[in-house]
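Structure file upload-v1.txt (compact mmCIF, C-alpha atoms) follows.
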```txt
# COMPACT_ATOMS: atom_id res chain seq x y z
CA MET A 1 6.55 0.71 13.55
CA HIS A 2 4.28 -1.37 11.34
CA GLU A 3 6.79 -4.22 11.25
CA LEU A 4 4.88 -6.05 14.00
CA ALA A 5 1.85 -6.17 11.69
CA VAL A 6 4.09 -7.49 8.93
CA ALA A 7 5.57 -10.07 11.33
CA GLN A 8 2.06 -11.22 12.25
CA ALA A 9 1.19 -11.58 8.56
CA LEU A 10 4.40 -13.56 8.06
CA VAL A 11 3.51 -15.91 10.93
CA GLU A 12 0.04 -16.50 9.44
CA GLN A 13 1.51 -17.31 6.06
CA VAL A 14 4.15 -19.67 7.41
CA ASP A 15 1.44 -21.34 9.49
CA ALA A 16 -0.58 -21.92 6.30
CA VAL A 17 2.48 -23.41 4.58
CA ILE A 18 3.03 -25.75 7.52
CA ASP A 19 -0.61 -26.88 7.33
CA GLN A 20 -0.51 -27.21 3.58
CA HIS A 21 2.42 -29.60 3.78
CA GLN A 22 1.26 -31.31 6.97
CA ALA A 23 4.62 -30.53 8.55
CA HIS A 24 5.51 -30.30 12.26
CA GLY A 25 6.92 -26.84 12.11
CA ALA A 26 9.28 -24.47 10.32
CA THR A 27 13.01 -24.26 10.91
CA LEU A 28 14.06 -21.54 8.49
CA ILE A 29 12.08 -18.72 6.87
CA ARG A 30 13.57 -16.82 3.95
CA VAL A 31 12.09 -13.47 2.95
CA ARG A 32 13.06 -10.98 0.27
CA ILE A 33 12.56 -7.33 1.18
CA GLY A 34 13.49 -4.55 -1.18
CA PRO A 35 14.47 -1.14 0.23
CA LEU A 36 11.36 0.39 -1.37
CA ALA A 37 8.94 -2.01 0.31
CA GLY A 38 8.78 0.23 3.36
CA VAL A 39 9.70 -2.57 5.77
CA VAL A 40 12.97 -2.51 7.71
CA PRO A 41 14.50 -6.01 7.89
CA GLU A 42 16.15 -5.37 11.29
CA LEU A 43 12.83 -4.23 12.80
CA LEU A 44 11.02 -7.19 11.29
CA ALA A 45 13.67 -9.49 12.76
CA SER A 46 13.08 -8.04 16.23
CA ALA A 47 9.29 -8.15 15.87
CA PHE A 48 9.25 -11.73 14.60
CA PRO A 49 9.87 -13.50 17.96
CA LEU A 50 6.93 -11.59 19.48
CA ALA A 51 4.59 -12.62 16.66
CA ALA A 52 5.90 -16.20 16.56
CA ALA A 53 5.81 -16.89 20.31
CA GLY A 54 4.08 -20.20 20.99
CA ARG A 55 3.63 -20.91 17.29
CA ARG A 56 5.08 -23.73 15.21
CA MET A 57 7.83 -21.50 13.83
CA GLN A 58 8.92 -19.88 17.07
CA HIS A 59 12.42 -21.36 16.85
CA ALA A 60 12.80 -20.80 13.13
CA GLY A 61 15.62 -18.70 11.76
CA LEU A 62 14.69 -15.67 9.70
CA GLU A 63 16.88 -14.96 6.67
CA PHE A 64 16.76 -11.92 4.43
CA ALA A 65 17.61 -12.03 0.75
CA HIS A 66 19.16 -8.90 -0.70
CA ALA A 67 17.06 -7.12 -3.32
CA PRO A 68 18.92 -4.26 -5.01
CA ILE A 69 16.98 -1.37 -6.53
CA ARG A 70 17.03 -1.64 -10.31
CA VAL A 71 15.11 0.46 -12.81
CA ARG A 72 14.36 0.11 -16.50
CA CYS A 73 14.37 3.35 -18.46
CA GLN A 74 11.32 3.91 -20.64
CA THR A 75 13.25 6.42 -22.73
CA CYS A 76 16.53 4.66 -23.52
CA GLY A 77 15.70 1.12 -22.39
CA ALA A 78 18.75 0.73 -20.12
CA GLU A 79 18.54 -1.30 -16.90
CA THR A 80 20.57 0.29 -14.12
CA GLU A 81 20.91 0.36 -10.34
CA ALA A 82 19.34 3.28 -8.54
CA ALA A 83 19.21 4.83 -5.07
CA MET A 84 16.10 4.76 -2.94
CA ASN A 85 15.18 8.42 -3.46
CA ARG A 86 16.74 8.83 -6.88
CA LEU A 87 15.11 6.38 -9.25
CA LEU A 88 16.61 7.96 -12.34
CA CYS A 89 18.08 6.11 -15.29
CA GLY A 90 21.78 5.56 -14.62
CA ALA A 91 22.51 5.79 -18.35
CA CYS A 92 20.60 8.83 -19.63
CA GLY A 93 19.38 10.43 -16.38
CA ASP A 94 15.68 10.44 -17.35
CA TRP A 95 13.08 10.02 -14.60
CA HIS A 96 10.66 8.01 -16.74
CA THR A 97 11.71 4.67 -15.30
CA ARG A 98 10.00 1.58 -13.92
CA ILE A 99 11.17 -0.38 -10.92
CA ILE A 100 12.18 -3.91 -11.87
CA SER A 101 13.45 -4.88 -8.43
CA GLY A 102 13.80 -3.30 -5.02
CA ASP A 103 10.15 -3.05 -3.89
CA GLU A 104 9.64 -6.74 -3.12
CA LEU A 105 8.03 -7.92 0.07
CA LEU A 106 8.05 -11.66 -0.48
CA LEU A 107 8.02 -14.85 1.51
CA GLU A 108 10.51 -16.76 -0.64
CA SER A 109 10.77 -20.14 0.98
CA VAL A 110 10.29 -22.05 4.19
CA GLU A 111 12.23 -25.04 5.49
CA LEU A 112 9.89 -27.43 7.22
CA GLU A 113 10.23 -30.24 9.71
CA THR A 114 8.38 -32.81 7.73
CA VAL A 115 6.10 -35.64 8.71
CA PRO A 116 7.54 -38.97 7.44
CA SER A 117 4.44 -39.94 5.43
CA LEU A 118 4.73 -36.86 3.22
CA THR A 119 8.42 -36.98 2.33
CA PRO A 120 9.11 -37.70 -1.33
CA GLU A 121 9.67 -41.23 -2.45
CA SER A 122 13.34 -41.66 -3.20
CA MET B 1 -4.31 -23.85 -9.14
CA CYS B 2 -5.04 -23.84 -5.46
CA ASP B 3 -2.15 -22.93 -3.23
CA THR B 4 -3.97 -22.69 0.05
CA CYS B 5 -5.13 -26.22 0.86
CA GLY B 6 -2.42 -28.32 -0.74
CA CYS B 7 -4.68 -29.96 -3.34
CA ASN B 8 -2.32 -28.84 -6.10
CA LEU B 9 0.23 -31.37 -4.92
CA THR B 10 0.11 -34.49 -7.04
CA PRO B 11 2.42 -37.51 -7.23
CA GLY B 12 3.72 -35.97 -10.44
CA ASN B 13 4.81 -32.62 -9.00
CA ARG B 14 5.49 -33.49 -5.39
CA HIS B 15 9.23 -33.74 -6.02
CA LEU B 16 9.17 -30.10 -7.13
CA ALA B 17 7.44 -28.88 -4.00
CA PHE B 18 9.53 -30.88 -1.58
CA LYS B 19 13.22 -30.39 -2.01
CA PRO B 20 15.02 -32.39 0.66
CA VAL B 21 17.63 -30.29 2.49
CA ALA B 22 18.56 -32.44 5.48
CA GLY B 23 17.23 -35.39 7.41
CA GLY B 24 13.62 -34.66 8.37
CA ALA B 25 13.59 -31.21 6.79
CA THR B 26 12.12 -29.95 3.54
CA ALA B 27 12.45 -26.62 1.74
CA VAL B 28 9.26 -25.23 0.24
CA SER B 29 9.31 -22.41 -2.25
CA VAL B 30 6.47 -19.95 -1.56
CA LEU B 31 7.17 -16.71 -3.49
CA LYS B 32 4.09 -15.03 -2.17
CA GLY B 33 3.66 -11.44 -1.07
CA LEU B 34 4.26 -11.15 2.66
CA LEU B 35 1.07 -9.17 3.03
CA ALA B 36 -0.96 -11.61 0.92
CA LYS B 37 -3.76 -11.77 3.49
CA ASN B 38 -4.11 -8.00 3.56
CA ASP B 39 -3.91 -7.90 -0.24
CA ASP B 40 -6.67 -10.52 -0.59
CA GLN B 41 -8.89 -8.48 1.71
CA ALA B 42 -8.02 -5.32 -0.23
CA ALA B 43 -9.00 -7.01 -3.49
CA HIS B 44 -12.31 -7.98 -1.88
CA ASN B 45 -12.88 -4.37 -0.78
CA ARG B 46 -12.09 -3.18 -4.29
CA GLN B 47 -14.68 -5.59 -5.75
CA HIS B 48 -17.14 -4.17 -3.26
CA PHE B 49 -16.45 -0.64 -4.57
CA ASP B 50 -16.46 -1.66 -8.23
CA ARG B 51 -19.80 -3.46 -7.92
CA ARG B 52 -21.31 -0.22 -6.68
CA GLY B 53 -19.42 1.98 -9.13
CA ILE B 54 -17.69 3.78 -6.26
CA LEU B 55 -14.32 5.50 -6.69
CA ALA B 56 -12.25 4.97 -3.50
CA LEU B 57 -9.37 7.32 -2.64
CA ASN B 58 -6.79 6.87 0.10
CA LEU B 59 -5.57 10.18 1.55
CA MET B 60 -2.14 10.02 3.14
CA SER B 61 0.15 12.64 4.69
CA SER B 62 1.85 13.77 7.89
CA PRO B 63 -0.44 14.65 10.79
CA GLY B 64 -1.62 18.23 10.45
CA SER B 65 -1.07 18.69 6.74
CA GLY B 66 -4.75 19.44 6.21
CA LYS B 67 -6.40 16.18 5.13
CA THR B 68 -9.62 16.84 7.04
CA ALA B 69 -9.74 20.51 6.02
CA LEU B 70 -9.31 19.45 2.39
CA LEU B 71 -12.13 16.94 2.80
CA GLU B 72 -14.43 19.54 4.33
CA ALA B 73 -13.87 21.97 1.47
CA THR B 74 -14.19 19.18 -1.11
CA LEU B 75 -17.43 17.79 0.34
CA VAL B 76 -19.00 21.25 0.42
CA ALA B 77 -17.95 21.95 -3.17
CA LEU B 78 -19.30 18.63 -4.46
CA LYS B 79 -22.44 18.35 -2.35
CA ASP B 80 -24.90 19.03 -5.19
CA GLU B 81 -22.96 16.96 -7.69
CA PHE B 82 -22.00 13.66 -6.05
CA THR B 83 -22.80 11.57 -3.00
CA CYS B 84 -19.67 11.19 -0.90
CA ALA B 85 -18.77 9.10 2.13
CA VAL B 86 -15.72 9.22 4.38
CA ILE B 87 -13.77 6.73 6.49
CA GLU B 88 -11.56 8.45 9.06
CA GLY B 89 -8.53 6.77 10.61
CA ASP B 90 -6.96 8.07 13.80
CA LEU B 91 -5.31 6.62 16.87
CA GLU B 92 -7.93 8.22 19.09
CA THR B 93 -11.07 10.42 19.10
CA GLU B 94 -14.14 10.75 16.89
CA ASN B 95 -13.22 14.40 16.16
CA ASP B 96 -12.60 14.06 12.45
CA ALA B 97 -15.73 11.98 11.75
CA GLU B 98 -17.76 14.55 13.68
CA ARG B 99 -16.36 17.35 11.52
CA ILE B 100 -17.46 15.44 8.41
CA ARG B 101 -20.89 14.52 9.81
CA ALA B 102 -21.48 18.19 10.62
CA LEU B 103 -21.57 18.69 6.84
CA GLY B 104 -24.31 16.07 6.50
CA VAL B 105 -21.97 13.48 4.97
CA THR B 106 -21.80 9.82 6.05
CA ALA B 107 -18.61 9.22 8.02
CA HIS B 108 -17.24 6.30 9.98
CA GLN B 109 -14.36 6.73 12.39
CA ILE B 110 -11.82 3.94 12.75
CA VAL B 111 -9.98 4.32 16.05
CA THR B 112 -6.79 2.33 15.67
CA GLY B 113 -5.64 2.62 19.30
CA THR B 114 -1.90 2.30 18.79
CA ALA B 115 -1.76 1.13 15.18
CA CYS B 116 0.10 3.54 12.94
CA HIS B 117 -1.79 2.75 9.72
CA LEU B 118 -5.08 1.47 8.36
CA ASP B 119 -5.22 -1.98 6.82
CA ALA B 120 -7.68 -3.68 4.50
CA HIS B 121 -9.42 -5.53 7.34
CA LEU B 122 -10.07 -2.35 9.32
CA VAL B 123 -11.54 -0.74 6.21
CA HIS B 124 -13.68 -3.79 5.51
CA ASP B 125 -15.11 -3.71 9.03
CA ALA B 126 -15.83 0.00 8.61
CA LEU B 127 -17.69 -0.66 5.34
CA HIS B 128 -20.11 -2.89 7.22
CA HIS B 129 -21.05 0.06 9.41
CA MET B 130 -21.80 2.34 6.49
CA ASN B 131 -24.65 2.74 4.07
CA LEU B 132 -22.97 2.95 0.67
CA ASP B 133 -26.18 3.14 -1.37
CA GLY B 134 -25.78 5.72 -4.11
CA VAL B 135 -22.26 6.71 -3.01
CA ASP B 136 -20.04 7.99 -5.85
CA LEU B 137 -16.84 8.90 -4.01
CA LEU B 138 -15.41 7.25 -0.90
CA PHE B 139 -12.56 9.08 0.80
CA ILE B 140 -10.44 7.09 3.22
CA GLU B 141 -8.40 9.41 5.42
CA ASN B 142 -5.47 7.33 6.59
CA VAL B 143 -3.63 7.80 9.89
CA GLY B 144 -1.36 10.84 9.67
CA ASN B 145 2.01 9.22 9.05
CA LEU B 146 4.45 9.40 6.12
CA VAL B 147 5.82 5.90 6.67
CA CYS B 148 3.56 2.96 7.44
CA PRO B 149 0.32 3.62 5.48
CA ALA B 150 2.21 3.37 2.16
CA SER B 151 2.79 -0.36 2.62
CA PHE B 152 -0.84 -1.45 3.07
CA ASP B 153 -3.32 -1.74 0.22
CA LEU B 154 -6.83 -0.90 1.46
CA GLY B 155 -8.72 -1.64 -1.76
CA GLN B 156 -8.61 1.98 -2.93
CA HIS B 157 -8.26 2.88 -6.58
CA LEU B 158 -6.05 5.91 -6.07
CA ASN B 159 -3.58 7.26 -3.53
CA VAL B 160 -3.64 11.00 -2.88
CA THR B 161 -0.67 12.27 -0.90
CA LEU B 162 -0.70 15.71 0.75
CA LEU B 163 2.37 17.78 1.51
CA SER B 164 1.75 21.05 3.32
CA VAL B 165 4.07 23.94 2.60
CA THR B 166 4.89 24.24 6.30
CA GLU B 167 6.75 20.94 5.94
CA GLY B 168 9.99 20.70 3.96
CA ASP B 169 9.98 20.60 0.18
CA ASP B 170 12.42 17.67 0.38
CA LYS B 171 9.87 15.35 2.04
CA PRO B 172 9.53 13.24 -1.16
CA ALA B 173 13.28 12.56 -1.03
CA LYS B 174 13.11 11.71 2.69
CA TYR B 175 10.02 9.47 2.46
CA PRO B 176 10.38 7.85 -0.97
CA VAL B 177 8.13 4.87 -0.25
CA MET B 178 5.20 7.14 0.56
CA PHE B 179 5.64 9.62 -2.27
CA ARG B 180 6.33 6.93 -4.85
CA ALA B 181 2.87 5.57 -4.03
CA ALA B 182 1.09 8.85 -4.86
CA ASP B 183 -1.29 8.99 -7.82
CA ALA B 184 -1.68 12.70 -7.12
CA LEU B 185 0.41 15.04 -4.96
CA LEU B 186 -1.38 17.97 -3.35
CA LEU B 187 0.72 20.83 -2.02
CA THR B 188 -1.56 22.24 0.68
CA LYS B 189 -1.77 25.51 2.65
CA THR B 190 -0.21 27.36 -0.29
CA ASP B 191 -1.77 30.60 0.99
CA LEU B 192 1.14 30.57 3.47
CA LEU B 193 3.81 30.49 0.74
CA PRO B 194 4.36 34.28 0.76
CA VAL B 195 5.48 34.12 4.40
CA LEU B 196 7.60 30.98 4.01
CA ASP B 197 10.92 31.51 2.28
CA ASP B 198 12.13 27.92 2.47
CA PHE B 199 9.47 25.94 0.59
CA ASP B 200 9.83 25.85 -3.17
CA PRO B 201 6.92 24.02 -4.89
CA ALA B 202 9.07 23.40 -7.98
CA ARG B 203 11.69 21.71 -5.81
CA ALA B 204 9.03 19.48 -4.21
CA GLU B 205 7.87 18.48 -7.68
CA ALA B 206 11.46 17.80 -8.81
CA HIS B 207 11.96 15.46 -5.82
CA LEU B 208 8.76 13.63 -6.81
CA ARG B 209 10.02 13.16 -10.38
CA GLU B 210 13.28 11.76 -9.03
CA LEU B 211 11.13 8.95 -7.65
CA ALA B 212 10.04 8.24 -11.25
CA ASN B 213 6.53 9.33 -10.31
CA PRO B 214 4.54 11.07 -13.08
CA ALA B 215 1.65 12.01 -10.74
CA PRO B 216 0.06 15.44 -11.20
CA VAL B 217 1.10 18.03 -8.61
CA MET B 218 -1.65 20.46 -7.56
CA ARG B 219 -1.21 23.51 -5.34
CA LEU B 220 -4.13 24.51 -3.17
CA SER B 221 -5.37 26.05 0.03
CA ALA B 222 -8.58 24.46 1.28
CA ARG B 223 -9.13 27.16 3.92
CA LYS B 224 -8.76 30.04 1.45
CA GLY B 225 -10.40 28.18 -1.46
CA MET B 226 -7.32 28.60 -3.65
CA GLY B 227 -6.52 26.07 -6.38
CA MET B 228 -9.52 23.88 -5.54
CA ASP B 229 -10.82 23.85 -9.12
CA ALA B 230 -7.94 21.76 -10.48
CA TRP B 231 -8.37 19.22 -7.66
CA LEU B 232 -12.15 19.01 -8.16
CA ALA B 233 -11.67 18.64 -11.92
CA TRP B 234 -9.18 15.82 -11.29
CA LEU B 235 -11.73 14.08 -9.03
CA ARG B 236 -14.46 14.37 -11.69
CA GLU B 237 -12.09 13.01 -14.32
CA GLN B 238 -11.08 10.07 -12.08
CA LEU B 239 -14.71 9.24 -11.25
CA ALA B 240 -15.57 9.26 -14.96
CA ALA B 241 -12.60 6.95 -15.61
CA GLN B 242 -13.76 4.63 -12.80
CA ARG B 243 -17.27 4.47 -14.27
CA ALA B 244 -15.82 3.67 -17.70
CA ARG B 245 -13.74 0.86 -16.15
CA VAL B 246 -16.71 -0.54 -14.24
CA ALA B 247 -18.81 -0.51 -17.42
CA VAL B 248 -16.35 -2.90 -19.07
CA GLY B 249 -15.72 -4.98 -15.94
CA GLN B 250 -12.26 -3.60 -15.18
CA SER B 251 -10.71 -2.16 -12.05
CA ARG B 252 -7.64 -0.20 -11.07
CA ARG B 253 -5.09 -0.54 -8.32
CA PRO B 254 -2.92 2.34 -7.20
CA ALA B 255 -0.20 2.44 -9.87
CA ILE B 256 2.70 1.44 -7.68
CA GLN B 257 1.07 -1.74 -6.44
CA ARG B 258 -0.08 -2.82 -9.88
CA ASP B 259 3.37 -2.33 -11.34
CA GLY B 260 5.06 -4.14 -8.50
CA GLN B 261 2.80 -7.14 -8.80
CA GLN B 262 3.24 -7.28 -12.55
CA TYR B 263 7.01 -7.34 -12.33
CA HIS B 264 7.07 -9.85 -9.52
CA GLN B 265 4.86 -12.22 -11.46
CA ALA B 266 7.03 -11.81 -14.52
CA GLY B 267 10.13 -12.54 -12.48
CA ALA B 268 8.68 -15.48 -10.54
```
Structure encoded using structure tokens:
Amino acid sequence: MHELAVAQALVEQVDAVIDQHQAHGATLIRVRIGPLAGVVPELLASAFPLAAAGRRMQHAGLEFAHAPIRVRCQTCGAETEAAMNRLLCGACGDWHTRIISGDELLLESVELETVPSLTPES
Amino acid sequence: MCDTCGCNLTPGNRHLAFKPVAGGATAVSVLKGLLAKNDDQAAHNRQHFDRRGILALNLMSSPGSGKTALLEATLVALKDEFTCAVIEGDLETENDAERIRALGVTAHQIVTGTACHLDAHLVHDALHHMNLDGVDLLFIENVGNLVCPASFDLGQHLNVTLLSVTEGDDKPAKYPVMFRAADALLLTKTDLLPVLDDFDPARAEAHLRELANPAPVMRLSARKGMGMDAWLAWLREQLAAQRARVAVGQSRRPAIQRDGQQYHQAGA
């Protein structure tokens, strides 16, 4: 439902990256979304073309990096994988854990069509 | 370092920022929160609150779980003690703001139209329509929805999530993103428990703990005035903590967001 708002935020951010690097446009956008971020990658992928229409990344591909849920136990110190609604320590079963991955909502990288004057000197 | 205008790019580090991938293309590493713009606005809102010593609370739940009824009872109970203000979020109508104004409390209604959640910009616009002079507690009643509001920081200090006993006690397991974000869980309408044989408050709490959430769980009925004392005491305690933070120039984000940011920075 709110993925359109997230797609619009993504478009704004990619736009800023394009400006920052004085590029023509973006060709590939890579995001990392953990299951606990509350954003569904498939819905974001279908909202993206609507948000990007007419913008400099409208033909860009959208790639999702996998972000497994991992927790660190504050009782026994173990780092284990966990399920979305069961964030218990996989070693001792305690619920006093902290998420170390799985709630990311990150723009990881963007591939840009560059302007010749800004490409690195080889 | 400035990462908005490009002035951080120097001849010395340009090769790090531009990694050639193919003819005419360049890969740029960003590693920034997707909702960075919302988060920046939320941080600005939070500064606004901290400068005035206001404690801001974001109330989230399903529609009809009793957020407005809880607010009414809370505002009446605290009227001689603190100055409160309320931001109401709904898809349509001024009904909730009118209920609050009827108690003589400042209220601004955000009508979102079709949007399923409040965001930091909507809250910021609302703040410009309100007189916050002397306000101690600001309640932001989010759009009734157990999904979307959890993903948007508004600038609040605390998230309060309501679960009415006419819903299922397994809601925390079904909506983990929302319930993980709670700094306090209120089980509401508990006066109905005697006639409901399928809601077990202990089971609701157990599901919350399975989300690694240590938040206090309070049982109350705003309509019948049951269990309100614990909730009011918690509010007083949180306001005192906010004043202590403000006195030393500190602030607080809802626990889940602070933790997330911390780990992401460490991992970046």
Check: In file coordinates, which residues lie within 12 Å of (12.7, 4.9, 0.5) using only C-alpha atoms, given as an MDAnalysis selection string?
Finding: (chainID A and resid 34:40 69 82:87 102:103) or (chainID B and resid 146:148 150:151 171:181 210:211)
Go through chain B and flag each residue having an atom no more than 6 Å from chain A; for those, report the closest pair of atoms plus their distance in Å to one decimal, using only C-alpha atoms, ordered by chain and rising number, as a tab-separated table.
```
residue	atom	partner	partner_atom	distance
B:Cys5	CA	A:Gln20	CA	5.5
B:Gly6	CA	A:Gln20	CA	4.9
B:Gly24	CA	A:Thr114	CA	5.6
B:Ala25	CA	A:Glu113	CA	4.6
B:Thr26	CA	A:Leu112	CA	5.0
B:Ala27	CA	A:Glu111	CA	4.1
B:Val28	CA	A:Val110	CA	5.2
B:Ser29	CA	A:Ser109	CA	4.2
B:Val30	CA	A:Ser109	CA	5.0
B:Leu31	CA	A:Glu108	CA	4.4
B:Lys32	CA	A:Leu107	CA	5.4
B:Gly33	CA	A:Leu106	CA	4.4
B:Leu34	CA	A:Leu106	CA	4.9
B:Cys148	CA	A:His2	CA	5.9
B:Ala173	CA	A:Asn85	CA	5.2
B:Pro176	CA	A:Asn85	CA	5.4
B:Val177	CA	A:Leu36	CA	5.6
B:Glu210	CA	A:Arg86	CA	5.0
B:Leu211	CA	A:Leu87	CA	5.0
B:Ala212	CA	A:Trp95	CA	4.9
```
Next item on the list: Please measure the separation of atom CA of Leu163 of chain B and atom CA of Met226 of chain B, giving the value in Å to one decimal.
Entry: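 Separation between atom CA of Leu163 of chain B and atom CA of Met226 of chain B: 15.4 Å.
In terms of minimum interatomic distance to Ile110 of chain B, B:His129 ranks closest within B:Arg51, B:Arg236, B:Arg252, B:His129, counting all atoms listed in the file.
Remark: for Leu193 of chain B, the closest of the candidate residues B:Thr161, B:Thr68, B:Thr93, B:Ser221 is B:Ser221 (distances computed over only C-alpha atoms).
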Notebook entry, point to check: What is the distance between atom CA of Ala77 of chain B and atom CA of Pro201 of chain B, in Å to one decimal?
Noted result: 25.0 Å
Notebook entry, point to check: Using all atoms listed in the file, which of the listed residues (B:Ala240, B:Ala233, B:Ile140, B:Leu35) sits closest to Leu59 of chain B?
Noted result: B:Ile140
Notebook entry, point to check: Between atom CA of Leu103 of chain B and atom CA of Leu70 of chain B, what is the distance, to one decimal in Å?
Noted result: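 These atoms are spaced 13.1 Å apart.
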Check: Gly168 of chain B: which residues within 9 Å, counting only C-alpha atoms, same-chain residues fewer than 5 positions away excluded, as a PyMOL selection string?
Finding: chain B and resi 163+198-200+204
Note to self: Set the distance at 7 Å and use all atoms listed in the file: which residues neighbour Gly53 of chain B once local chain neighbours fewer than 2 positions away are removed? I'd like the list as a VMD selection string.
What the structure shows: chain B and resid 49 to 51 55 136 243 246
Identify, on the basis of all atoms listed in the file, every residue whose closest approach to Ala56 of chain B does not exceed 7 Å; exclude the query and any residue fewer than 3 positions from it along the same chain; express the result as a JSON list (two decimals) with C-alpha atoms, in the frame of the given file.
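Contents of the output file out-v1.json:
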```
[["chain", "number", "residue", "atom", "x", "y", "z"],
["B", 137, "LEU", "CA", -16.84, 8.90, -4.01],
["B", 138, "LEU", "CA", -15.41, 7.25, -0.90],
["B", 139, "PHE", "CA", -12.56, 9.08, 0.80],
["B", 156, "GLN", "CA", -8.61, 1.98, -2.93],
["B", 157, "HIS", "CA", -8.26, 2.88, -6.58],
["B", 158, "LEU", "CA", -6.05, 5.91, -6.07]]
```
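With all atoms listed in the file as the atoms that count, the minimum distance from Gly155 of chain B to the choices B:Ala182, B:Leu118, B:Leu132, B:Leu239 is reached by B:Leu118.
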Can you sort out segment 176-181 of chain B so it carries all heavy atoms, written as a short mmCIF file (atom, residue, chain, number, x, y, z; two decimals), keeping the file's coordinate frame?
```
data_model
loop_
_atom_site.label_atom_id
_atom_site.label_comp_id
_atom_site.auth_asym_id
_atom_site.auth_seq_id
_atom_site.Cartn_x
_atom_site.Cartn_y
_atom_site.Cartn_z
N PRO B 176 10.62 8.28 0.41
CA PRO B 176 10.38 7.85 -0.97
C PRO B 176 9.28 6.81 -1.10
O PRO B 176 8.57 6.80 -2.10
CB PRO B 176 11.74 7.31 -1.42
CG PRO B 176 12.50 7.04 -0.17
CD PRO B 176 12.02 8.02 0.83
N VAL B 177 9.14 5.93 -0.11
CA VAL B 177 8.13 4.87 -0.25
C VAL B 177 6.74 5.49 -0.32
O VAL B 177 5.91 5.13 -1.16
CB VAL B 177 8.24 3.86 0.92
CG1 VAL B 177 7.14 2.80 0.80
CG2 VAL B 177 9.61 3.19 0.90
N MET B 178 6.50 6.47 0.55
CA MET B 178 5.20 7.14 0.56
C MET B 178 4.95 7.92 -0.73
O MET B 178 3.91 7.78 -1.37
CB MET B 178 5.14 8.09 1.77
CG MET B 178 3.99 9.05 1.77
SD MET B 178 2.38 8.24 1.80
CE MET B 178 2.39 7.47 3.42
N PHE B 179 5.90 8.74 -1.14
CA PHE B 179 5.64 9.62 -2.27
C PHE B 179 5.67 8.88 -3.61
O PHE B 179 5.07 9.32 -4.57
CB PHE B 179 6.59 10.83 -2.24
CG PHE B 179 6.20 11.81 -1.17
CD1 PHE B 179 6.75 11.74 0.11
CD2 PHE B 179 5.23 12.77 -1.42
CE1 PHE B 179 6.34 12.61 1.11
CE2 PHE B 179 4.82 13.65 -0.42
CZ PHE B 179 5.38 13.57 0.84
N ARG B 180 6.36 7.74 -3.65
CA ARG B 180 6.33 6.93 -4.85
C ARG B 180 4.93 6.36 -5.07
O ARG B 180 4.53 6.05 -6.18
CB ARG B 180 7.35 5.79 -4.73
CG ARG B 180 7.90 5.31 -6.05
CD ARG B 180 9.09 4.42 -5.82
NE ARG B 180 8.69 3.12 -5.32
CZ ARG B 180 8.23 2.13 -6.10
NH1 ARG B 180 8.10 2.33 -7.38
NH2 ARG B 180 7.92 0.97 -5.59
N ALA B 181 4.19 6.20 -3.96
CA ALA B 181 2.87 5.57 -4.03
C ALA B 181 1.78 6.56 -4.45
O ALA B 181 0.63 6.16 -4.63
CB ALA B 181 2.51 4.97 -2.67
#
```
